[in-house]
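K.L.:
Structure in structure tokens, see below.
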Amino acid sequence: MEPARVIFSKLKAFPPAIDGKIETEEFLKAANEIVEVIRTFGTLFTPVVSDMSGNINKLRKSYGKDCDKCKYLEDLIVFHAKKDNFTADALLWLKRGLQLICTFFENIYNDVEQTQAIKKHLQDAYERTLRPYHGFIVQTTIKIIYNWIPTRSQLIGQGPIHEENMNVLSSYLPTLRDHLNRLDALLKQYKLDDNKEV
């Protein structure tokens with residue numbers, strides 16, 4: 001039996017919000033774990049890994065300029081919003097990438113038939129999250145990548161490991177979704193949720 005590529009219990013996971021705010025350092029660590037999860041999908045997903053890693057690094061750079069003032073993501077955005085779009089763009093695209101992965105795993109979690117072929121779950125997640133912001137060339141490339149997604153068993157295992165992953169996802173995904181909703185509202189509040197295509 002092939003071992004599961006992802007064991008969610010080994011991830012630190014996203015921290016709960018504190019007084020309605022998201023800790024920058026802990027959020028970036030958890031986002032980096034998601035990048036490592038995507039890496040297990042295979043080498044064709046390298047562009048996604050590179051893009052998300054690049055945005056995390058940009059946010060780390062902005063955060064590093066004044067860690068005390070930017071302890072929370074909300075403060076990081078407010079602090080940098082008037083200076084440049086560098087930080088907001090990085091957070092916007094990281095948020096979109098995380099929305100894709102969150103929706104993908106929500107689809108897997110909610111699939112009562114526990115279908116082995118999970119291409120449709122990734123395709124649905126892409127259509128609902130990133131597709132509106134991608135031009136024709138990127139959309140065509142993504143369609144090719146769909147075909148190389150591992151099966152359910154390859155990704156999150158079978159038997160006890162699968163059950164454990166599903167149990168962890170039951171709390172992991174709502175926390176991640178809550179953070180993404182907060183970031184969505186924050187970016188919209190400051191009119192930083194750009195709709196331009198790439």
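Residue names in the structure tokens use chain letters A, B, ... in the order shown, residue numbers from 1 in each chain, and ligand numbers from 1 in the order shown.
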Taking the chain letters and numbering used in this document, name the residues of stretch 1-193 of chain A that DSSP puts in alpha helix (DSSP H), as JSON, numbers by chain.
P.N.:
{"A": [24, 25, 26, 27, 28, 29, 30, 31, 32, 33, 34, 35, 36, 37, 38, 39, 46, 47, 48, 49, 50, 51, 52, 53, 54, 55, 56, 57, 58, 59, 60, 61, 62, 63, 64, 65, 73, 74, 75, 76, 77, 78, 79, 80, 81, 86, 87, 88, 89, 90, 91, 92, 93, 94, 95, 96, 97, 98, 99, 100, 101, 102, 103, 104, 105, 106, 107, 108, 109, 110, 119, 120, 121, 122, 123, 124, 125, 126, 127, 128, 136, 137, 138, 139, 140, 141, 142, 143, 144, 145, 146, 152, 153, 154, 155, 156, 159, 160, 161, 162, 163, 164, 165, 166, 167, 168, 169, 170, 171, 172, 173, 174, 175, 176, 177, 178, 179, 180, 181, 182, 183, 184, 185, 186, 187, 188, 189]}
K.L.:
Can you list, as a ChimeraX atom specification, every protein, DNA or RNA residue that comes within 8 Å of stretch 26-33 of chain A when you count only C-alpha atoms, leaving out same-chain residues fewer than 3 positions away?
P.N.:
/A:11-15,22-23,36-37,53,56,60,98
K.L.:
For A:Pro174, which residue among A:Gln99, A:Glu74, A:Leu92, A:Ser62 is the nearest when counting only C-alpha atoms?
P.N.:
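Of all the options, A:Gln99 lies closest to A:Pro174.
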K.L.:
Got a sec: who's within 9 Å of A:Ile77, counting only C-alpha atoms, leaving out chain neighbours fewer than 2 positions off, as a list in words?
P.N.:
Cys70, Tyr72, Leu73, Glu74, Asp75, Phe79, His80, Ala81, Lys82, Thr87, Ala88, Leu91, Leu186, Leu187 and Tyr190 of chain A
K.L.:
Smallest atom-to-atom distance to A:Gly64: which of A:Thr175, A:Thr24, A:Asn147, A:Asn181, using only C-alpha atoms?
P.N.:
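Result for the nearest residue to A:Gly64: A:Thr24.
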